[in-house]
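Input: a single structure, listed below in structure tokens.
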Amino acid sequence: MRLTLWALLAVLLSYGNALAGNLKVVGFVRNGQTGEPIPFANVAVKGTTLGTRTDMQGRFVLANRQNRDTITVTAVGFKPYELLLAAAGQAPLEVTLAEERYTLGEVVIRPSENPAHPIVRNAIRLRQRNNPERIERYGCTTYTKLAVFFDTPPKADSARAKVPAKPQLPIFFSEKVANNTVDRAAGLQRAEVVAKQQSGLGILDDLQVDGYATAMSTEVSFYQNKIDLFGKLFPNPIGDNAFAYYKYRLTDSTEVGDRMVYTIEFTPKHKKDLAFRGTMQVEGLGWSLSRIETELPREANINFLNAFEVKYDYQRVADSLTFFRQNSLRAKLYYRKAEAGSRATTLSVSKTTVYSNIRLGAAADTAPRRPAASLAQLRPATLSREEQRMSSAIDSLNQLWWMRAADKISTAALTGYIPVGKFDLGPYPEYVRHNKVEGLRLTFAARTGEAFHPRYSVAGKVGYGFKDEGWKYGGGFTYKPPLEHRTLLGVEADRDMTTIGSNGNLRFIRENTNAPEDDNLITALTARRPNDRLSMRHSYAAFAEHELRRGIVARLRVEHQRVESGRYIPFFQQGAPVSEIVGTAVSVEGRFSFDEKTVDKFIRRYYLGSRYPIVNTALTAGQYSVLGSRRGYLKAHLTLKHHLAVGLGKLEYVLEGGALLGSVPFPLLEVLRGNETYGLTRYRFNTINNLQLASDRFASLFAEYHLNGRFVNRIPLIRALNLREVLSAKVMIGGLSDKHRRVMDFPAVLSGVSEPLVEVGGGFENILRFFRIEGVYRLSPHRLQQAPRFCVKARFQVEF
């Protein structure tokens, strides 16, 4: 509604100007005493927010003005001046300002201010007003082109050529034209694909990506305070703290149409900072960006990224609003940045988006009607010769045996399954395991793949433990019906060893992993103490999942399970042995996110994150039987994960909370997640064991603060190591009622939460680009049986 009023107001003003006559006012502002020009004087139309500034020669331009307008001219150190345009005439205005004299007790002489700084400050001050994301309702047409390829070294026989050819090995190429509609008040972002084509090597050919099709799907937003890119935070050249990171230089001021445009260069103050260098053009009327070109300095403390360039062009819509015109992104990646030269094979990514047919307010829903056209007719520019051959080259490469082998490896890395014909072997992390109960455990697991049928999958596994001499097995069926919104239906059965007290809540945090219990490679390969807190679990379940709308997913799960008494953790009730716990539970879950990007592969969805909080909720109603006695219970659980810029770095945090109504045996309590390995875990407590603390009501916080080398980058010699500081804190408060002990005796290793559990840690990440080492200290409680209070742990991680 507000945009409609703006548009109506613009029409009325243009009609009034047509009757009254428009003026283009050109003038000069000079010092009345010396006659010298006064740069950066404020020239404004009285009673409005319209105005401009004088350039270095004291010149200003005001367009579309009327005789009845009054302009005011102000400058620091001079008296204000007002002039009615009716008395101005047609000649350029000559405005002279009288000096403002003050009587001062002491005068301090300082160097003159950098002329770029006032312009940058105005751009920062009006950043939110000029942000295209503030437009509440609009529509537009976008053309998006994405190319991914290897730049390979030139051949030996091409070295004699004046311009050696550098062949490209294409990996992925896509084009898409879409009509977009965004209504922020209604929470609507809709993209109607008009034409598209996509070609990719192997797994990339059929990935379904959501969240990149809408008009606001920009990787970089120069109207945000901080720019979140590759999981790192970059200071914005027009962000709130920009002067702490950048140096500026005014290089040009040019009259473009009815406004002045200032060109400013910016460079990082410190080489190792994650800050850009480049140029930006700022309009003198409204102080919005008209163009910005940036690149990441080679010295920046970021891995694998050998080159990174971003260009954005903006345009004015409805006179006072800023919108995108075209943006492009180019990146080159290589394992060792120092070696990425002319003889290195680098991975290159190029993306360009062009915006057209912009519609505001009520016109947002009226997409342009055009006769059926091919993609070649709709694209705004002709493809280059290399782009034209990419699709056919990709099709040819997909037929090569070594490319099919590479596809299987990449598919296994992403999905956890190795495709073999119409079947997928996996998840392969389950194939070999070792614990105190089973000893060496070998498992074979597989499922029918997408080549067997794209809509359903049948999975199964069989395993054998050489110590307990027991067989474990399971299977399941998952169906994805052809509905508009993603839906999954399935059943599964399982007979396998499980950690007692494992509640599965970790899957709400680590949603993309195939085995959410294993936090990283080091935890999977090491053990501080042998895992003996296992028991046999028989389960049968049916589940359904439905995406109600983008960002809202509902799940329903019905499960019947039987948990047997463990060999090392036996079950007792008032001293009498309990052979098993039998129970049935119904869970209703919801997942809520906004503006999140996702990737679908076969029956699996992978979440690529959002700058907004992501919330998971679960409500479980259940009934269990112990020694023939049946009782019911109710559980509620909530998880919120988010990240944001705080001060010098990036804060990532997860909030969890839960409550249980009723009395239950201890395996159904909220058992705190412990860590019994030498690996550092992010969402477990590193200084407690499994099955050591339990609660029936709790709230917890897992937080990490990544400083990205903010301090060590300024220390000579050490900064060459590209280390990055990291701090962590984990807090859990809760309680446990004694009524649960009457249902089943607690094992000697388990106790209730009686005081807050607090862990703090600090260390360095990006060690040799792959490792993080952190010292962890438990502040409270002081003593826990067989659990260290301080430890040093390592984590294998691959990050930019």
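Residues in the structure tokens are numbered from 1 in each chain, the chains being A, B, ... in the order shown, and ligands are numbered from 1 in the order shown.
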Note to self: If we count only C-alpha atoms and set the cut-off at 6 Å, which residues sit around segment 561-574 of chain A, ignoring sequence neighbours fewer than 5 positions away in its own chain? Please answer as a PyMOL selection string.
What the structure shows: chain A and resi 535-539+579-583+744-745
Next item on the list: Might you pull out every residue within 10 Å of segment 635-644 of chain A, with only C-alpha atoms counted and same-chain residues fewer than 4 positions away left off, and present them as a ChimeraX atom specification?
Entry: /A:226,228,231,233,505-506,508-509,587-592,609-622,649-662,668-670,696-705
Output C-alpha atoms for every residue in the selection just made, as an mmCIF file, in the first residue's frame.
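After the write, part.cif holds the following:
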data_model
loop_
_atom_site.group_PDB
_atom_site.id
_atom_site.type_symbol
_atom_site.label_atom_id
_atom_site.label_comp_id
_atom_site.auth_asym_id
_atom_site.auth_seq_id
_atom_site.Cartn_x
_atom_site.Cartn_y
_atom_site.Cartn_z
ATOM 1 C CA LYS A 226 28.251 -7.541 7.491
ATOM 2 C CA ASP A 228 28.180 -13.518 5.156
ATOM 3 C CA GLY A 231 30.778 -19.138 6.178
ATOM 4 C CA LEU A 233 31.867 -12.488 7.850
ATOM 5 C CA ASN A 505 17.725 -34.714 19.446
ATOM 6 C CA LEU A 506 21.120 -34.175 17.836
ATOM 7 C CA PHE A 508 17.690 -31.379 14.836
ATOM 8 C CA ILE A 509 21.071 -29.637 14.924
ATOM 9 C CA SER A 587 5.780 -37.674 17.725
ATOM 10 C CA VAL A 588 4.655 -34.527 15.915
ATOM 11 C CA GLU A 589 7.521 -32.344 14.692
ATOM 12 C CA GLY A 590 7.785 -28.998 12.951
ATOM 13 C CA ARG A 591 10.677 -27.260 11.232
ATOM 14 C CA PHE A 592 10.560 -23.529 10.553
ATOM 15 C CA GLY A 609 21.475 -22.527 5.807
ATOM 16 C CA SER A 610 19.835 -19.161 6.313
ATOM 17 C CA ARG A 611 20.769 -15.877 7.915
ATOM 18 C CA TYR A 612 17.604 -16.161 10.000
ATOM 19 C CA PRO A 613 17.060 -18.499 12.991
ATOM 20 C CA ILE A 614 16.024 -22.087 12.217
ATOM 21 C CA VAL A 615 13.616 -23.678 14.693
ATOM 22 C CA ASN A 616 12.753 -27.353 15.253
ATOM 23 C CA THR A 617 9.979 -28.411 17.605
ATOM 24 C CA ALA A 618 8.864 -31.870 18.733
ATOM 25 C CA LEU A 619 5.963 -33.050 20.883
ATOM 26 C CA THR A 620 5.908 -36.735 21.861
ATOM 27 C CA ALA A 621 3.159 -38.655 23.615
ATOM 28 C CA GLY A 622 4.119 -42.159 24.709
ATOM 29 C CA GLY A 649 33.728 -12.009 14.627
ATOM 30 C CA LYS A 650 30.921 -14.473 14.044
ATOM 31 C CA LEU A 651 28.824 -16.008 16.822
ATOM 32 C CA GLU A 652 27.201 -19.380 16.164
ATOM 33 C CA TYR A 653 24.811 -20.679 18.784
ATOM 34 C CA VAL A 654 22.199 -23.347 19.459
ATOM 35 C CA LEU A 655 19.500 -23.075 22.099
ATOM 36 C CA GLU A 656 17.745 -26.205 23.326
ATOM 37 C CA GLY A 657 14.978 -26.674 25.830
ATOM 38 C CA GLY A 658 12.702 -29.468 26.927
ATOM 39 C CA ALA A 659 10.352 -30.787 29.570
ATOM 40 C CA LEU A 660 8.859 -34.169 30.461
ATOM 41 C CA LEU A 661 5.520 -34.811 32.150
ATOM 42 C CA GLY A 662 5.047 -38.115 33.921
ATOM 43 C CA LEU A 668 13.602 -42.247 28.333
ATOM 44 C CA LEU A 669 14.947 -39.253 30.271
ATOM 45 C CA GLU A 670 16.827 -36.357 28.699
ATOM 46 C CA ASP A 696 13.441 -34.122 33.007
ATOM 47 C CA ARG A 697 13.469 -30.350 32.405
ATOM 48 C CA PHE A 698 16.353 -28.425 30.943
ATOM 49 C CA ALA A 699 17.621 -25.462 28.918
ATOM 50 C CA SER A 700 21.008 -25.439 27.227
ATOM 51 C CA LEU A 701 23.235 -23.201 25.129
ATOM 52 C CA PHE A 702 26.026 -24.228 22.750
ATOM 53 C CA ALA A 703 27.970 -21.207 21.495
ATOM 54 C CA GLU A 704 31.134 -20.641 19.454
ATOM 55 C CA TYR A 705 32.751 -17.306 18.710
#
Next item on the list: Can you work out which one of A:Ala585, A:Leu525, A:Leu736, A:Val282 has the shortest atom-to-atom distance to Phe796 of chain A, counting only C-alpha atoms?
Entry: A:Leu525
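Our summary of the geometry notes that atom CA of Thr267 of chain A is positioned 5.5 Å from atom CA of Tyr246 of chain A.
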Check: Smallest atom-to-atom distance to Ser737 of chain A: which of A:Gly470, A:Ala541, A:Phe711, A:Phe666, using only C-alpha atoms?
Finding: A:Phe666
Notebook entry, point to check: Suppose you want the space between atom CA of Gly475 of chain A and atom CA of Phe543 of chain A; what is it in Å?
Noted result: 13.9 Å
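Of the residues under consideration (A:Leu296, A:Ala244, A:Ile733, A:Val120), A:Val120 shows the shortest atom-to-atom contact distance to Gln281 of chain A when counting only C-alpha atoms.
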Next item on the list: Please run DSSP on the backbone and report, as a ChimeraX atom specification, all residues within segment 372-514 of chain A that come out as helix (DSSP H, G or I).
Entry: /A:375-378,385-397,401-415,428-430,505-508
Checklist line | Spatial neighbours of Asn31 of chain A, max dist 8 Å, only C-alpha atoms, sep filter under 2 positions, as a ChimeraX atom specification | finding: /A:29,33-38,96-99
Writing out the chosen residues with N, CA and C atoms as a compact mmCIF listing (two decimals), in the first residue's frame:
# COMPACT_ATOMS: atom_id res chain seq x y z
N VAL A 29 29.08 27.35 -5.42
CA VAL A 29 29.13 27.90 -4.07
C VAL A 29 30.57 28.29 -3.79
N GLN A 33 34.51 35.71 1.00
CA GLN A 33 35.67 36.56 1.29
C GLN A 33 36.81 36.30 0.32
N THR A 34 37.08 35.04 0.00
CA THR A 34 38.23 34.72 -0.85
C THR A 34 37.84 34.37 -2.28
N GLY A 35 36.57 34.06 -2.52
CA GLY A 35 36.14 33.66 -3.85
C GLY A 35 36.48 32.23 -4.21
N GLU A 36 37.07 31.46 -3.30
CA GLU A 36 37.43 30.07 -3.56
C GLU A 36 36.19 29.18 -3.48
N PRO A 37 36.15 28.13 -4.31
CA PRO A 37 34.99 27.21 -4.25
C PRO A 37 34.94 26.48 -2.91
N ILE A 38 33.73 26.14 -2.50
CA ILE A 38 33.52 25.40 -1.24
C ILE A 38 33.03 24.00 -1.61
N THR A 96 27.43 32.85 -2.68
CA THR A 96 28.58 33.16 -1.82
C THR A 96 28.15 33.05 -0.37
N LEU A 97 28.95 32.37 0.40
CA LEU A 97 28.66 32.16 1.82
C LEU A 97 29.60 33.00 2.67
N ALA A 98 29.03 33.60 3.68
CA ALA A 98 29.82 34.39 4.62
C ALA A 98 30.37 33.48 5.70
N GLU A 99 31.60 33.75 6.08
CA GLU A 99 32.22 32.94 7.11
C GLU A 99 31.55 33.17 8.46
Using DSSP on the backbone coordinates, identify all residues within segment 320-559 of chain A classified as strand (DSSP E); present the result as a short mmCIF file (atom, residue, chain, number, x, y, z; two decimals) with N, CA and C atoms, in the first residue's frame.
data_model
loop_
_atom_site.label_atom_id
_atom_site.label_comp_id
_atom_site.auth_asym_id
_atom_site.auth_seq_id
_atom_site.Cartn_x
_atom_site.Cartn_y
_atom_site.Cartn_z
N LEU A 321 13.67 4.86 -5.03
CA LEU A 321 14.00 3.52 -4.58
C LEU A 321 15.14 2.95 -5.41
N THR A 322 15.99 2.18 -4.75
CA THR A 322 17.13 1.55 -5.41
C THR A 322 16.84 0.07 -5.60
N PHE A 323 17.14 -0.45 -6.80
CA PHE A 323 16.94 -1.87 -7.08
C PHE A 323 18.13 -2.38 -7.88
N PHE A 324 18.23 -3.69 -8.01
CA PHE A 324 19.33 -4.30 -8.76
C PHE A 324 19.14 -4.11 -10.26
N ARG A 325 20.24 -3.96 -10.97
CA ARG A 325 20.23 -3.96 -12.43
C ARG A 325 20.93 -5.23 -12.94
N GLN A 326 22.13 -5.46 -12.42
CA GLN A 326 22.89 -6.65 -12.81
C GLN A 326 23.94 -6.91 -11.75
N ASN A 327 24.17 -8.17 -11.44
CA ASN A 327 25.27 -8.51 -10.54
C ASN A 327 26.00 -9.73 -11.08
N SER A 328 27.27 -9.80 -10.77
CA SER A 328 28.08 -10.93 -11.22
C SER A 328 29.07 -11.31 -10.14
N LEU A 329 29.39 -12.58 -10.12
CA LEU A 329 30.33 -13.14 -9.13
C LEU A 329 31.27 -14.08 -9.85
N ARG A 330 32.57 -13.95 -9.57
CA ARG A 330 33.57 -14.83 -10.14
C ARG A 330 34.53 -15.27 -9.05
N ALA A 331 34.80 -16.57 -9.00
CA ALA A 331 35.70 -17.10 -7.98
C ALA A 331 36.58 -18.18 -8.59
N LYS A 332 37.80 -18.27 -8.08
CA LYS A 332 38.73 -19.33 -8.47
C LYS A 332 39.25 -19.98 -7.20
N LEU A 333 39.20 -21.31 -7.16
CA LEU A 333 39.60 -22.04 -5.98
C LEU A 333 40.73 -23.00 -6.31
N THR A 346 42.73 -24.69 -11.67
CA THR A 346 41.88 -24.08 -10.65
C THR A 346 40.41 -24.34 -10.97
N LEU A 347 39.61 -24.41 -9.92
CA LEU A 347 38.16 -24.53 -10.07
C LEU A 347 37.58 -23.13 -10.15
N SER A 348 36.87 -22.83 -11.22
CA SER A 348 36.33 -21.50 -11.44
C SER A 348 34.81 -21.53 -11.39
N VAL A 349 34.23 -20.50 -10.78
CA VAL A 349 32.78 -20.36 -10.66
C VAL A 349 32.42 -18.97 -11.16
N SER A 350 31.42 -18.89 -12.02
CA SER A 350 30.96 -17.62 -12.56
C SER A 350 29.44 -17.59 -12.54
N LYS A 351 28.88 -16.52 -11.96
CA LYS A 351 27.43 -16.38 -11.91
C LYS A 351 27.05 -14.95 -12.25
N THR A 352 26.05 -14.79 -13.11
CA THR A 352 25.56 -13.47 -13.51
C THR A 352 24.04 -13.47 -13.44
N THR A 353 23.47 -12.39 -12.90
CA THR A 353 22.03 -12.22 -12.83
C THR A 353 21.67 -10.85 -13.38
N VAL A 354 20.70 -10.80 -14.29
CA VAL A 354 20.23 -9.56 -14.89
C VAL A 354 18.76 -9.38 -14.53
N TYR A 355 18.40 -8.18 -14.07
CA TYR A 355 17.04 -7.88 -13.62
C TYR A 355 16.35 -6.96 -14.63
N SER A 356 15.07 -7.24 -14.91
CA SER A 356 14.31 -6.42 -15.85
C SER A 356 12.83 -6.49 -15.48
N ASN A 357 12.01 -5.68 -16.17
CA ASN A 357 10.56 -5.66 -15.96
C ASN A 357 10.20 -5.52 -14.48
N ILE A 358 10.77 -4.53 -13.83
CA ILE A 358 10.54 -4.33 -12.39
C ILE A 358 9.18 -3.71 -12.18
N ARG A 359 8.40 -4.31 -11.29
CA ARG A 359 7.03 -3.88 -11.02
C ARG A 359 6.86 -3.69 -9.52
N LEU A 360 6.32 -2.58 -9.11
CA LEU A 360 6.17 -2.26 -7.69
C LEU A 360 4.71 -2.29 -7.28
N ILE A 418 27.35 -45.39 -2.04
CA ILE A 418 28.14 -45.61 -3.24
C ILE A 418 27.24 -46.24 -4.29
N PRO A 419 26.95 -45.54 -5.40
CA PRO A 419 26.05 -46.11 -6.42
C PRO A 419 26.73 -47.24 -7.19
N VAL A 420 26.04 -48.38 -7.27
CA VAL A 420 26.50 -49.54 -8.05
C VAL A 420 25.31 -50.02 -8.87
N PHE A 423 21.63 -50.00 -7.52
CA PHE A 423 21.64 -50.07 -6.06
C PHE A 423 22.71 -49.13 -5.50
N ASP A 424 22.50 -48.71 -4.26
CA ASP A 424 23.45 -47.86 -3.54
C ASP A 424 23.95 -48.61 -2.33
N LEU A 425 25.27 -48.74 -2.19
CA LEU A 425 25.86 -49.39 -1.02
C LEU A 425 26.08 -48.34 0.07
N VAL A 432 32.15 -50.74 9.34
CA VAL A 432 33.11 -51.27 10.32
C VAL A 432 33.01 -50.43 11.59
N ARG A 433 32.75 -51.08 12.72
CA ARG A 433 32.67 -50.38 14.01
C ARG A 433 33.29 -51.27 15.09
N HIS A 434 33.58 -50.65 16.23
CA HIS A 434 34.14 -51.42 17.35
C HIS A 434 33.64 -50.82 18.66
N ASN A 435 33.21 -51.67 19.57
CA ASN A 435 32.81 -51.24 20.91
C ASN A 435 33.02 -52.39 21.88
N GLY A 439 32.57 -55.92 20.29
CA GLY A 439 33.91 -56.11 19.77
C GLY A 439 33.97 -55.55 18.36
N LEU A 440 34.61 -56.26 17.45
CA LEU A 440 34.62 -55.86 16.05
C LEU A 440 33.25 -56.14 15.45
N ARG A 441 32.69 -55.12 14.81
CA ARG A 441 31.36 -55.23 14.21
C ARG A 441 31.45 -54.92 12.73
N LEU A 442 31.04 -55.88 11.89
CA LEU A 442 31.00 -55.68 10.44
C LEU A 442 29.55 -55.65 9.99
N THR A 443 29.24 -54.73 9.08
CA THR A 443 27.87 -54.54 8.61
C THR A 443 27.87 -54.38 7.09
N PHE A 444 26.87 -54.97 6.47
CA PHE A 444 26.62 -54.70 5.05
C PHE A 444 25.25 -54.04 4.95
N ALA A 445 25.22 -52.86 4.29
CA ALA A 445 23.97 -52.11 4.14
C ALA A 445 23.86 -51.61 2.71
N ALA A 446 22.62 -51.56 2.20
CA ALA A 446 22.38 -51.11 0.83
C ALA A 446 20.93 -50.69 0.69
N ARG A 447 20.64 -50.04 -0.44
CA ARG A 447 19.28 -49.63 -0.77
C ARG A 447 19.13 -49.59 -2.29
N THR A 448 17.91 -49.61 -2.75
CA THR A 448 17.68 -49.39 -4.18
C THR A 448 17.91 -47.92 -4.48
N TYR A 456 10.86 -44.15 -5.02
CA TYR A 456 10.90 -44.91 -3.77
C TYR A 456 12.23 -45.63 -3.63
N SER A 457 12.50 -46.07 -2.40
CA SER A 457 13.73 -46.79 -2.11
C SER A 457 13.46 -47.85 -1.05
N VAL A 458 14.03 -49.02 -1.26
CA VAL A 458 13.97 -50.12 -0.29
C VAL A 458 15.37 -50.30 0.27
N ALA A 459 15.51 -50.24 1.60
CA ALA A 459 16.83 -50.31 2.24
C ALA A 459 16.89 -51.49 3.20
N GLY A 460 18.10 -52.00 3.40
CA GLY A 460 18.30 -53.09 4.34
C GLY A 460 19.73 -53.15 4.83
N LYS A 461 19.94 -53.81 5.97
CA LYS A 461 21.29 -53.98 6.51
C LYS A 461 21.35 -55.26 7.32
N VAL A 462 22.55 -55.82 7.42
CA VAL A 462 22.80 -56.97 8.27
C VAL A 462 24.21 -56.84 8.82
N GLY A 463 24.37 -57.06 10.14
CA GLY A 463 25.66 -56.92 10.78
C GLY A 463 25.92 -58.03 11.77
N TYR A 464 27.20 -58.21 12.10
CA TYR A 464 27.58 -59.27 13.04
C TYR A 464 28.67 -58.76 13.97
N GLY A 465 28.47 -58.99 15.28
CA GLY A 465 29.47 -58.65 16.29
C GLY A 465 30.24 -59.88 16.70
N GLY A 470 26.42 -61.92 17.95
CA GLY A 470 25.02 -61.64 17.67
C GLY A 470 24.83 -60.97 16.32
N TRP A 471 23.70 -61.31 15.67
CA TRP A 471 23.35 -60.71 14.39
C TRP A 471 22.45 -59.50 14.62
N LYS A 472 22.68 -58.46 13.83
CA LYS A 472 21.84 -57.26 13.85
C LYS A 472 21.34 -57.02 12.43
N TYR A 473 20.12 -56.54 12.31
CA TYR A 473 19.57 -56.36 10.99
C TYR A 473 18.48 -55.30 11.03
N GLY A 474 18.10 -54.84 9.85
CA GLY A 474 17.05 -53.84 9.75
C GLY A 474 16.72 -53.56 8.30
N GLY A 475 15.64 -52.83 8.09
CA GLY A 475 15.23 -52.48 6.74
C GLY A 475 14.18 -51.40 6.76
N GLY A 476 13.89 -50.88 5.57
CA GLY A 476 12.90 -49.82 5.48
C GLY A 476 12.47 -49.56 4.06
N PHE A 477 11.37 -48.82 3.94
CA PHE A 477 10.81 -48.44 2.65
C PHE A 477 10.41 -46.98 2.71
N THR A 478 10.86 -46.17 1.73
CA THR A 478 10.55 -44.75 1.68
C THR A 478 9.98 -44.42 0.31
N TYR A 479 8.88 -43.66 0.31
CA TYR A 479 8.20 -43.30 -0.93
C TYR A 479 8.04 -41.78 -0.99
N THR A 487 6.97 -34.40 -0.16
CA THR A 487 6.32 -35.30 0.80
C THR A 487 7.07 -36.62 0.83
N LEU A 488 7.24 -37.17 2.01
CA LEU A 488 7.85 -38.48 2.18
C LEU A 488 6.95 -39.35 3.06
N LEU A 489 6.84 -40.63 2.69
CA LEU A 489 6.12 -41.62 3.48
C LEU A 489 7.03 -42.82 3.63
N GLY A 490 7.02 -43.48 4.82
CA GLY A 490 7.91 -44.61 4.97
C GLY A 490 7.62 -45.46 6.19
N VAL A 491 8.22 -46.64 6.17
CA VAL A 491 8.18 -47.56 7.30
C VAL A 491 9.59 -48.11 7.48
N GLU A 492 9.92 -48.53 8.69
CA GLU A 492 11.24 -49.09 8.95
C GLU A 492 11.18 -50.01 10.16
N ALA A 493 12.08 -50.98 10.19
CA ALA A 493 12.22 -51.91 11.32
C ALA A 493 13.70 -52.10 11.57
N ASP A 494 14.05 -52.30 12.85
CA ASP A 494 15.47 -52.35 13.19
C ASP A 494 15.68 -53.21 14.43
N ARG A 495 16.72 -54.02 14.40
CA ARG A 495 17.20 -54.76 15.57
C ARG A 495 18.70 -54.53 15.64
N ASP A 496 19.12 -53.65 16.58
CA ASP A 496 20.52 -53.24 16.58
C ASP A 496 20.90 -52.72 17.95
N MET A 497 22.22 -52.60 18.17
CA MET A 497 22.74 -52.02 19.39
C MET A 497 22.61 -50.49 19.34
N THR A 498 22.23 -49.89 20.45
CA THR A 498 22.11 -48.45 20.54
C THR A 498 22.62 -47.98 21.89
N THR A 499 23.13 -46.75 21.92
CA THR A 499 23.59 -46.18 23.19
C THR A 499 22.40 -45.91 24.09
N LEU A 534 25.72 -49.78 25.98
CA LEU A 534 24.89 -50.17 24.84
C LEU A 534 23.90 -51.23 25.26
N SER A 535 22.79 -51.28 24.53
CA SER A 535 21.81 -52.35 24.74
C SER A 535 21.12 -52.65 23.42
N MET A 536 20.52 -53.82 23.33
CA MET A 536 19.82 -54.22 22.12
C MET A 536 18.46 -53.52 22.06
N ARG A 537 18.15 -52.99 20.87
CA ARG A 537 16.89 -52.26 20.69
C ARG A 537 16.16 -52.82 19.47
N HIS A 538 14.89 -53.18 19.67
CA HIS A 538 14.01 -53.63 18.58
C HIS A 538 13.00 -52.50 18.34
N SER A 539 12.88 -52.04 17.11
CA SER A 539 11.95 -50.94 16.84
C SER A 539 11.24 -51.14 15.52
N TYR A 540 9.99 -50.61 15.47
CA TYR A 540 9.16 -50.62 14.27
C TYR A 540 8.52 -49.24 14.19
N ALA A 541 8.61 -48.61 13.02
CA ALA A 541 8.14 -47.23 12.93
C ALA A 541 7.52 -46.96 11.57
N ALA A 542 6.60 -45.99 11.55
CA ALA A 542 6.03 -45.44 10.33
C ALA A 542 6.13 -43.93 10.43
N PHE A 543 6.43 -43.28 9.32
CA PHE A 543 6.63 -41.83 9.38
C PHE A 543 6.09 -41.16 8.13
N ALA A 544 5.82 -39.88 8.26
CA ALA A 544 5.37 -39.05 7.14
C ALA A 544 5.97 -37.66 7.31
N GLU A 545 6.35 -37.06 6.19
CA GLU A 545 6.91 -35.71 6.20
C GLU A 545 6.30 -34.92 5.05
N HIS A 546 5.90 -33.68 5.33
CA HIS A 546 5.24 -32.88 4.30
C HIS A 546 5.68 -31.42 4.44
N GLU A 547 6.06 -30.83 3.31
CA GLU A 547 6.42 -29.41 3.30
C GLU A 547 5.15 -28.61 3.03
N LEU A 548 4.63 -27.96 4.08
CA LEU A 548 3.39 -27.22 3.95
C LEU A 548 3.56 -26.03 3.01
N ARG A 549 4.67 -25.35 3.14
CA ARG A 549 5.07 -24.28 2.25
C ARG A 549 6.56 -24.11 2.42
N ILE A 552 8.44 -24.37 5.92
CA ILE A 552 7.63 -24.98 6.98
C ILE A 552 7.44 -26.46 6.65
N VAL A 553 7.99 -27.33 7.49
CA VAL A 553 7.92 -28.77 7.28
C VAL A 553 7.29 -29.41 8.50
N ALA A 554 6.32 -30.28 8.29
CA ALA A 554 5.67 -31.01 9.37
C ALA A 554 6.01 -32.49 9.24
N ARG A 555 6.25 -33.15 10.38
CA ARG A 555 6.59 -34.57 10.39
C ARG A 555 5.74 -35.29 11.43
N LEU A 556 5.39 -36.53 11.13
CA LEU A 556 4.66 -37.39 12.06
C LEU A 556 5.37 -38.74 12.10
N ARG A 557 5.59 -39.25 13.31
CA ARG A 557 6.27 -40.54 13.46
C ARG A 557 5.58 -41.35 14.56
N VAL A 558 5.27 -42.58 14.23
CA VAL A 558 4.70 -43.53 15.20
C VAL A 558 5.70 -44.67 15.35
N GLU A 559 6.09 -44.98 16.59
CA GLU A 559 7.16 -45.96 16.81
C GLU A 559 6.83 -46.86 17.99
#
